[in-house]
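Novice: This one is entry-v6.csv, CSV, C-alpha atoms.
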chain,number,residue,atom,x,y,z
A,1,MET,CA,50.3,-13.9,22.6
A,2,ILE,CA,50.1,-14.2,26.3
A,3,GLN,CA,46.8,-15.7,27.4
A,4,SER,CA,45.1,-14.3,30.5
A,5,ALA,CA,43.9,-16.6,33.3
A,6,PRO,CA,40.3,-17.6,33.1
A,7,GLN,CA,37.8,-15.5,35.0
A,8,ILE,CA,37.1,-16.7,38.5
A,9,GLY,CA,33.6,-15.3,39.2
A,10,PHE,CA,32.7,-17.4,42.3
A,11,ASP,CA,34.7,-16.0,45.2
A,12,ARG,CA,32.2,-15.8,48.1
A,13,TYR,CA,31.1,-18.2,50.8
A,14,ILE,CA,27.4,-18.9,50.3
A,15,GLN,CA,25.3,-20.6,53.0
A,16,LEU,CA,22.6,-23.0,52.1
A,17,ASP,CA,19.9,-21.1,54.0
A,18,TRP,CA,20.8,-18.0,51.9
A,19,MET,CA,20.2,-20.1,48.8
A,20,ALA,CA,16.9,-21.4,50.2
A,21,MET,CA,15.7,-17.8,50.7
A,22,ALA,CA,16.9,-16.8,47.3
A,23,ILE,CA,14.8,-19.6,45.8
A,24,LYS,CA,11.8,-18.3,47.7
A,25,VAL,CA,12.4,-14.7,46.4
A,26,ARG,CA,12.6,-15.9,42.8
A,27,ALA,CA,9.4,-18.0,43.3
A,28,GLY,CA,7.6,-15.0,44.8
A,29,LEU,CA,7.3,-16.7,48.2
A,30,ALA,CA,9.6,-14.2,50.0
A,31,THR,CA,10.8,-10.6,49.5
A,32,LEU,CA,14.2,-9.0,49.0
A,33,ASP,CA,13.7,-7.5,52.5
A,34,ASP,CA,13.5,-11.1,53.9
A,35,LEU,CA,16.8,-11.9,52.3
A,36,GLU,CA,18.3,-8.7,53.5
A,37,ALA,CA,17.2,-9.5,57.1
A,38,LEU,CA,18.8,-13.0,56.8
A,39,LEU,CA,22.1,-11.6,55.6
A,40,VAL,CA,22.1,-9.0,58.3
A,41,SER,CA,21.4,-11.7,61.0
A,42,ALA,CA,24.4,-13.6,59.7
A,43,GLY,CA,26.6,-10.6,60.6
A,44,LEU,CA,27.6,-9.6,57.1
A,45,GLY,CA,28.9,-6.1,56.7
A,46,LYS,CA,27.8,-3.7,54.0
A,47,GLU,CA,30.5,-4.7,51.4
A,48,ALA,CA,30.2,-8.4,52.2
A,49,LYS,CA,26.4,-8.3,52.0
A,50,SER,CA,26.6,-6.5,48.6
A,51,LYS,CA,29.0,-9.1,47.1
A,52,THR,CA,26.9,-11.9,48.5
A,53,ARG,CA,23.8,-10.5,47.0
A,54,THR,CA,25.5,-10.4,43.6
A,55,LYS,CA,26.2,-14.1,43.8
A,56,LEU,CA,22.7,-14.9,45.0
A,57,ASN,CA,21.3,-12.9,42.1
A,58,ALA,CA,23.3,-14.9,39.6
A,59,LEU,CA,22.4,-18.2,41.3
A,60,ALA,CA,18.7,-17.7,41.7
A,61,ILE,CA,17.2,-14.2,41.8
A,62,GLU,CA,18.4,-12.6,38.6
A,63,PRO,CA,20.2,-15.2,36.5
A,64,ARG,CA,21.8,-14.5,33.2
A,65,ASN,CA,19.5,-14.5,30.2
A,66,GLU,CA,20.8,-17.8,28.9
A,67,LEU,CA,20.2,-19.5,32.2
A,68,ALA,CA,16.9,-17.9,33.2
A,69,ALA,CA,14.7,-20.7,31.9
A,70,PHE,CA,16.9,-23.3,33.5
A,71,ILE,CA,16.9,-21.5,36.8
A,72,ASP,CA,13.1,-21.0,36.7
A,73,GLN,CA,12.6,-24.6,36.0
A,74,GLY,CA,14.7,-25.4,39.0
A,75,VAL,CA,12.8,-22.9,41.2
A,76,GLU,CA,9.5,-24.5,40.0
A,77,ILE,CA,10.8,-28.0,41.0
A,78,PHE,CA,12.5,-27.1,44.3
A,79,SER,CA,10.6,-24.1,45.9
A,80,PRO,CA,7.5,-26.2,47.0
A,81,GLN,CA,9.7,-28.7,48.8
A,82,ASP,CA,11.5,-26.4,51.3
A,83,ASP,CA,13.9,-29.3,52.2
A,84,CYS,CA,17.6,-28.9,52.9
A,85,ALA,CA,18.6,-31.9,50.8
A,86,MET,CA,16.6,-30.6,47.9
A,87,THR,CA,17.9,-27.0,48.3
A,88,ALA,CA,21.4,-28.5,48.1
A,89,VAL,CA,20.6,-30.1,44.8
A,90,PHE,CA,19.4,-26.8,43.4
A,91,ALA,CA,22.3,-24.8,44.9
A,92,TRP,CA,24.8,-27.3,43.4
A,93,GLY,CA,23.2,-27.4,40.0
A,94,SER,CA,22.8,-23.7,39.8
A,95,ALA,CA,26.4,-23.1,40.9
A,96,ILE,CA,28.1,-25.4,38.4
A,97,ALA,CA,25.9,-24.1,35.6
A,98,SER,CA,26.4,-20.4,36.5
A,99,TYR,CA,30.1,-20.5,37.6
A,100,PRO,CA,32.7,-22.7,35.9
A,101,TYR,CA,35.1,-21.9,38.7
A,102,PHE,CA,32.7,-23.5,41.3
A,103,GLY,CA,32.3,-26.5,38.9
A,104,LYS,CA,36.0,-26.9,38.5
A,105,VAL,CA,36.6,-27.0,42.2
A,106,ALA,CA,33.7,-29.5,42.6
A,107,GLU,CA,35.2,-31.6,39.8
A,108,PHE,CA,38.6,-31.7,41.4
A,109,SER,CA,37.1,-32.4,44.8
A,110,GLY,CA,35.1,-35.3,43.4
A,111,ARG,CA,38.0,-36.8,41.6
A,112,LEU,CA,40.5,-36.5,44.4
A,113,THR,CA,38.1,-38.0,47.0
A,114,ALA,CA,36.7,-40.7,44.7
A,115,ILE,CA,39.2,-43.4,45.7
A,116,GLN,CA,39.9,-43.1,49.4
A,117,GLY,CA,37.1,-40.7,50.4
A,118,ASP,CA,39.4,-37.8,51.3
A,119,CYS,CA,42.1,-35.5,49.9
A,120,SER,CA,44.3,-32.6,51.0
A,121,VAL,CA,43.1,-29.1,50.4
A,122,SER,CA,46.6,-28.2,49.1
A,123,GLU,CA,46.1,-30.6,46.3
A,124,ILE,CA,42.9,-28.9,45.2
A,125,HIS,CA,44.7,-25.5,45.4
A,126,ARG,CA,47.5,-26.8,43.3
A,127,ARG,CA,45.1,-28.1,40.6
A,128,MET,CA,43.1,-24.9,40.5
A,129,SER,CA,46.3,-22.8,40.3
A,130,GLU,CA,47.4,-24.8,37.3
A,131,VAL,CA,44.2,-23.8,35.5
A,132,TYR,CA,43.5,-20.3,36.9
A,133,GLY,CA,47.0,-19.1,37.8
A,134,ASP,CA,48.9,-19.1,41.0
A,135,ARG,CA,47.4,-15.9,42.4
A,136,GLU,CA,46.2,-14.9,45.8
A,137,VAL,CA,42.7,-14.4,44.4
A,138,THR,CA,42.7,-18.0,43.2
A,139,LYS,CA,43.5,-19.3,46.7
A,140,ARG,CA,40.8,-17.1,48.3
A,141,ALA,CA,38.2,-18.2,45.7
A,142,THR,CA,39.0,-21.8,46.1
A,143,GLN,CA,38.7,-21.6,49.9
A,144,ALA,CA,35.3,-19.9,49.5
A,145,VAL,CA,34.1,-22.7,47.2
A,146,ILE,CA,35.4,-25.4,49.6
A,147,GLN,CA,33.8,-23.7,52.5
A,148,THR,CA,30.5,-23.5,50.6
A,149,GLN,CA,30.6,-27.1,49.5
A,150,ALA,CA,31.1,-28.1,53.2
A,151,ASN,CA,28.1,-26.0,54.2
A,152,TRP,CA,26.0,-27.6,51.5
A,153,GLY,CA,26.8,-31.1,53.0
A,154,ALA,CA,29.2,-32.5,50.3
A,155,ILE,CA,32.4,-32.6,52.4
A,156,GLU,CA,33.7,-32.0,55.9
A,157,ARG,CA,36.9,-30.3,56.7
A,158,VAL,CA,39.2,-32.1,59.1
A,159,GLU,CA,42.8,-31.7,60.5
A,160,ASN,CA,42.3,-28.0,61.0
A,161,GLY,CA,40.9,-27.6,57.6
A,162,LYS,CA,43.8,-29.1,55.8
A,163,ARG,CA,42.0,-32.2,54.5
A,164,LEU,CA,38.5,-32.9,53.1
A,165,ASN,CA,36.4,-36.0,53.8
A,166,ARG,CA,33.7,-36.8,51.3
A,167,LEU,CA,30.3,-37.2,53.1
A,168,PRO,CA,27.8,-39.9,52.0
A,169,GLN,CA,26.1,-39.2,48.7
A,170,ARG,CA,22.5,-38.1,48.7
A,171,LYS,CA,20.2,-40.3,46.6
A,172,VAL,CA,18.3,-38.4,43.9
A,173,SER,CA,15.2,-40.4,42.7
A,174,ASP,CA,12.7,-37.8,41.5
A,175,GLU,CA,12.8,-37.8,37.7
A,176,LYS,CA,12.4,-34.0,37.3
A,177,VAL,CA,15.3,-33.4,39.8
A,178,ILE,CA,17.5,-35.9,37.9
A,179,ARG,CA,16.9,-34.3,34.6
A,180,TRP,CA,17.6,-30.8,36.0
A,181,LEU,CA,20.8,-31.9,37.7
A,182,VAL,CA,22.0,-33.7,34.5
A,183,GLU,CA,21.3,-30.6,32.5
A,184,ALA,CA,23.4,-28.6,35.0
A,185,ALA,CA,26.3,-31.0,34.6
A,186,LEU,CA,26.0,-30.7,30.8
A,187,ARG,CA,25.9,-27.0,31.0
A,188,PHE,CA,29.2,-27.1,33.0
A,189,THR,CA,30.9,-29.5,30.5
A,190,GLY,CA,29.6,-27.7,27.4
A,191,LYS,CA,29.7,-30.9,25.4
A,192,ALA,CA,27.8,-34.2,24.8
A,193,MET,CA,28.6,-36.9,27.4
A,194,PRO,CA,28.2,-40.7,27.4
A,195,VAL,CA,25.0,-41.5,29.3
A,196,THR,CA,26.9,-44.3,31.2
A,197,SER,CA,29.3,-41.7,32.5
A,198,LEU,CA,26.8,-39.2,33.8
A,199,PRO,CA,26.0,-40.8,37.2
A,200,THR,CA,29.7,-40.8,38.1
A,201,MET,CA,30.7,-37.4,36.9
A,202,ALA,CA,33.0,-35.9,39.4
A,203,VAL,CA,31.3,-32.5,39.2
A,204,ILE,CA,28.1,-33.9,40.8
A,205,TYR,CA,29.9,-36.2,43.3
A,206,PRO,CA,27.6,-35.4,46.2
A,207,PHE,CA,24.6,-37.0,44.6
A,208,GLN,CA,23.7,-40.6,43.6
A,209,ILE,CA,21.3,-40.8,40.7
A,210,ASP,CA,18.9,-43.6,41.6
A,211,GLN,CA,17.1,-44.1,38.3
A,212,SER,CA,17.7,-45.5,34.8
A,213,LEU,CA,19.1,-42.4,33.0
A,214,PRO,CA,18.2,-43.4,29.4
A,215,TYR,CA,14.5,-43.7,30.4
A,216,VAL,CA,14.5,-40.5,32.5
A,217,LEU,CA,16.4,-38.4,30.0
A,218,SER,CA,14.2,-39.6,27.1
A,219,LYS,CA,11.4,-37.5,28.6
A,220,SER,CA,13.4,-34.3,28.7
A,221,ASP,CA,12.5,-31.2,26.6
A,222,THR,CA,16.1,-29.8,27.0
A,223,ILE,CA,18.3,-32.9,26.6
A,224,GLU,CA,18.6,-35.1,23.6
A,225,LEU,CA,19.9,-38.6,23.4
A,226,ARG,CA,22.2,-39.5,20.5
A,227,ALA,CA,23.2,-43.0,19.4
A,228,GLU,CA,26.8,-43.3,18.4
A,229,GLY,CA,27.5,-46.9,17.5
A,230,PRO,CA,25.5,-50.0,18.5
A,231,SER,CA,25.9,-49.5,22.2
A,232,ASN,CA,27.0,-45.9,22.8
A,233,GLN,CA,24.4,-43.3,23.8
A,234,PHE,CA,25.3,-39.7,24.4
A,235,ALA,CA,23.4,-36.9,26.1
A,236,ALA,CA,23.6,-33.3,25.0
A,237,LEU,CA,21.7,-30.1,25.4
A,238,ARG,CA,19.2,-29.4,22.6
A,239,SER,CA,20.4,-26.5,20.5
Give the structure from the file, written as structure tokens.
Specialist:
Amino acid sequence: MIQSAPQIGFDRYIQLDWMAMAIKVRAGLATLDDLEALLVSAGLGKEAKSKTRTKLNALAIEPRNELAAFIDQGVEIFSPQDDCAMTAVFAWGSAIASYPYFGKVAEFSGRLTAIQGDCSVSEIHRRMSEVYGDREVTKRATQAVIQTQANWGAIERVENGKRLNRLPQRKVSDEKVIRWLVEAALRFTGKAMPVTSLPTMAVIYPFQIDQSLPYVLSKSDTIELRAEGPSNQFAALRS
């Protein structure tokens, strides 16, 4: 039996200010007309605007049923702050929880830039092609995610876009934000993770968790801590 390539899903460039507006729409602080005006001002044509709206719906405005409570919790946390750095946390968490493709590009970007701080774009393309197939749509989607990550302040493109430099991590100290971001990472992995490995997970590489995770996660309603052995503690989503 021939297995088909995994679904891509995320194949559009999404600007951070569009995400900020989408958060406001979900929170009732702005209207769909406000979002429409923003997309029009960005020069998007009819088709591009429609496809972009589809992604913004999934990320914030009309999330899938199984993600609605998670997204609403994020909107409740982030909508009052109206801060670019906080919007980036929401955007990243929502994207990796909603779109495995975005998460996989983020994971490879994080791993490949972890040692020297940079990597080639071609190496990310190669890794993604191994997972999703060596197709033109894979290349386009990967470019869209890379461009989006750059706009969200995680990386910068250098050498005519052929290489990526990792930008300094953003400290995340608020306990509610940390719990929400960790939940996003657990939704991406789909399995329990050692608590000690969570702060350095490649998929959330733009952020530095600046709190003791066992204490912060112990107060979560959606994440449970499991002891496996005398010194091993795992975090998992509550079933």
Novice: Residues within 12 Å of stretch 29-36 of chain A, please, as a count of residues only. Count all atoms listed in the file; anything in the same chain fewer than 2 positions from it doesn't count.
Specialist: 34
Novice: Between A:Ile155, A:Ile209, A:Ile96, A:Ala185, single out the one closest to A:Ala235, counting all atoms listed in the file.
Specialist: A:Ala185
Novice: For stretch 165-204 of chain A versus stretch 99-120 of chain A, which residues have an atom no more than 12 Å away, and what is each residue's nearest atom pair and distance in Å rounded to one decimal, using only C-alpha atoms, chain-then-number order, as a tab-separated table?
Specialist:
residue	atom	partner	partner_atom	distance
A:Asn165	CA	A:Asp118	CA	4.3
A:Arg166	CA	A:Gly117	CA	5.3
A:Leu167	CA	A:Gly117	CA	8.1
A:Pro168	CA	A:Gly117	CA	9.5
A:Gln169	CA	A:Gly110	CA	11.1
A:Ala184	CA	A:Gly103	CA	9.9
A:Ala185	CA	A:Gly103	CA	8.6
A:Leu186	CA	A:Gly103	CA	11.1
A:Arg187	CA	A:Pro100	CA	9.4
A:Phe188	CA	A:Pro100	CA	6.3
A:Thr189	CA	A:Pro100	CA	8.9
A:Gly190	CA	A:Pro100	CA	10.3
A:Thr200	CA	A:Gly110	CA	9.4
A:Met201	CA	A:Glu107	CA	7.9
A:Ala202	CA	A:Gly110	CA	4.6
A:Val203	CA	A:Glu107	CA	4.0
A:Ile204	CA	A:Ala106	CA	7.3
Novice: For A:Glu175, which residue out of A:Ile14, A:Val195, A:Leu217, A:Ala227 is the nearest one, using only C-alpha atoms?
Specialist: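 Among A:Ile14, A:Val195, A:Leu217, A:Ala227, it is A:Leu217 that comes nearest to A:Glu175.
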Novice: Can you tell me how far atom CA of A:Ala58 sits from atom CA of A:Ala37, in Å to one decimal?
Specialist: 19.3 Å
Novice: Out of A:Asp83, A:Pro194, A:Thr142, A:Glu159, which residue has the shortest atom-to-atom distance to A:Gly229 when counting only C-alpha atoms?
Specialist: A:Pro194
Novice: Could you list, as a list in words, every residue within 9 Å of A:Val177, counting all atoms listed in the file and ignoring same-chain residues fewer than 5 positions away?
Specialist: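 Near A:Val177, the qualifying residues are Gly74, Ile77, Phe78, Met86, Val89, Phe90, Val172 and Val182 of chain A.
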Novice: Considering all atoms listed in the file, return as a PyMOL selection string whatever protein or nucleic-acid residues lie within 9 Å of A:Asp174, sequence-local ones (same chain, fewer than 4 positions apart) excluded.
Specialist: chain A and resi 178-179+210-211
Novice: If we count all atoms listed in the file, what is near A:Asp221 at a cut-off of 12 Å, once residues fewer than 2 positions away on the same chain are taken out, given as a PyMOL selection string?
Specialist: chain A and resi 69-70+73+176+179-180+183+216-219+223-225+236-239
Novice: Based on the selection just made, write C-alpha atoms of those residues as a PDB file, in the coordinates of the input.
Specialist:
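The file below, selection08.pdb, is the result:
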ATOM      1  CA  ALA A  69      14.700 -20.700  31.900  1.00  0.00           C
ATOM      2  CA  PHE A  70      16.900 -23.300  33.500  1.00  0.00           C
ATOM      3  CA  GLN A  73      12.600 -24.600  36.000  1.00  0.00           C
ATOM      4  CA  LYS A 176      12.400 -34.000  37.300  1.00  0.00           C
ATOM      5  CA  ARG A 179      16.900 -34.300  34.600  1.00  0.00           C
ATOM      6  CA  TRP A 180      17.600 -30.800  36.000  1.00  0.00           C
ATOM      7  CA  GLU A 183      21.300 -30.600  32.500  1.00  0.00           C
ATOM      8  CA  VAL A 216      14.500 -40.500  32.500  1.00  0.00           C
ATOM      9  CA  LEU A 217      16.400 -38.400  30.000  1.00  0.00           C
ATOM     10  CA  SER A 218      14.200 -39.600  27.100  1.00  0.00           C
ATOM     11  CA  LYS A 219      11.400 -37.500  28.600  1.00  0.00           C
ATOM     12  CA  ILE A 223      18.300 -32.900  26.600  1.00  0.00           C
ATOM     13  CA  GLU A 224      18.600 -35.100  23.600  1.00  0.00           C
ATOM     14  CA  LEU A 225      19.900 -38.600  23.400  1.00  0.00           C
ATOM     15  CA  ALA A 236      23.600 -33.300  25.000  1.00  0.00           C
ATOM     16  CA  LEU A 237      21.700 -30.100  25.400  1.00  0.00           C
ATOM     17  CA  ARG A 238      19.200 -29.400  22.600  1.00  0.00           C
ATOM     18  CA  SER A 239      20.400 -26.500  20.500  1.00  0.00           C
TER      19      SER A 239
END
Novice: Hey, which of A:Val137, A:Met128, A:Ala68, A:Leu181 ends up closest to A:Ala91? Count all atoms listed in the file.
Specialist: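 Among the listed residues, the smallest separation from A:Ala91 belongs to A:Leu181.
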Novice: Excluding A:Arg12 and any residue of its chain fewer than 4 positions from it, enumerate the residues within 9 Å of it, using only C-alpha atoms, and give them as an MDAnalysis selection string.
Specialist: chainID A and resid 48 51:52 55 140:141 143:145 148
Novice: Could you tell me how far atom CA of A:Asn160 sits from atom CA of A:Ile8, in Å to one decimal place?
Specialist: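 So the two atoms, atom CA of A:Ile8 and atom CA of A:Asn160, lie 25.7 Å apart.
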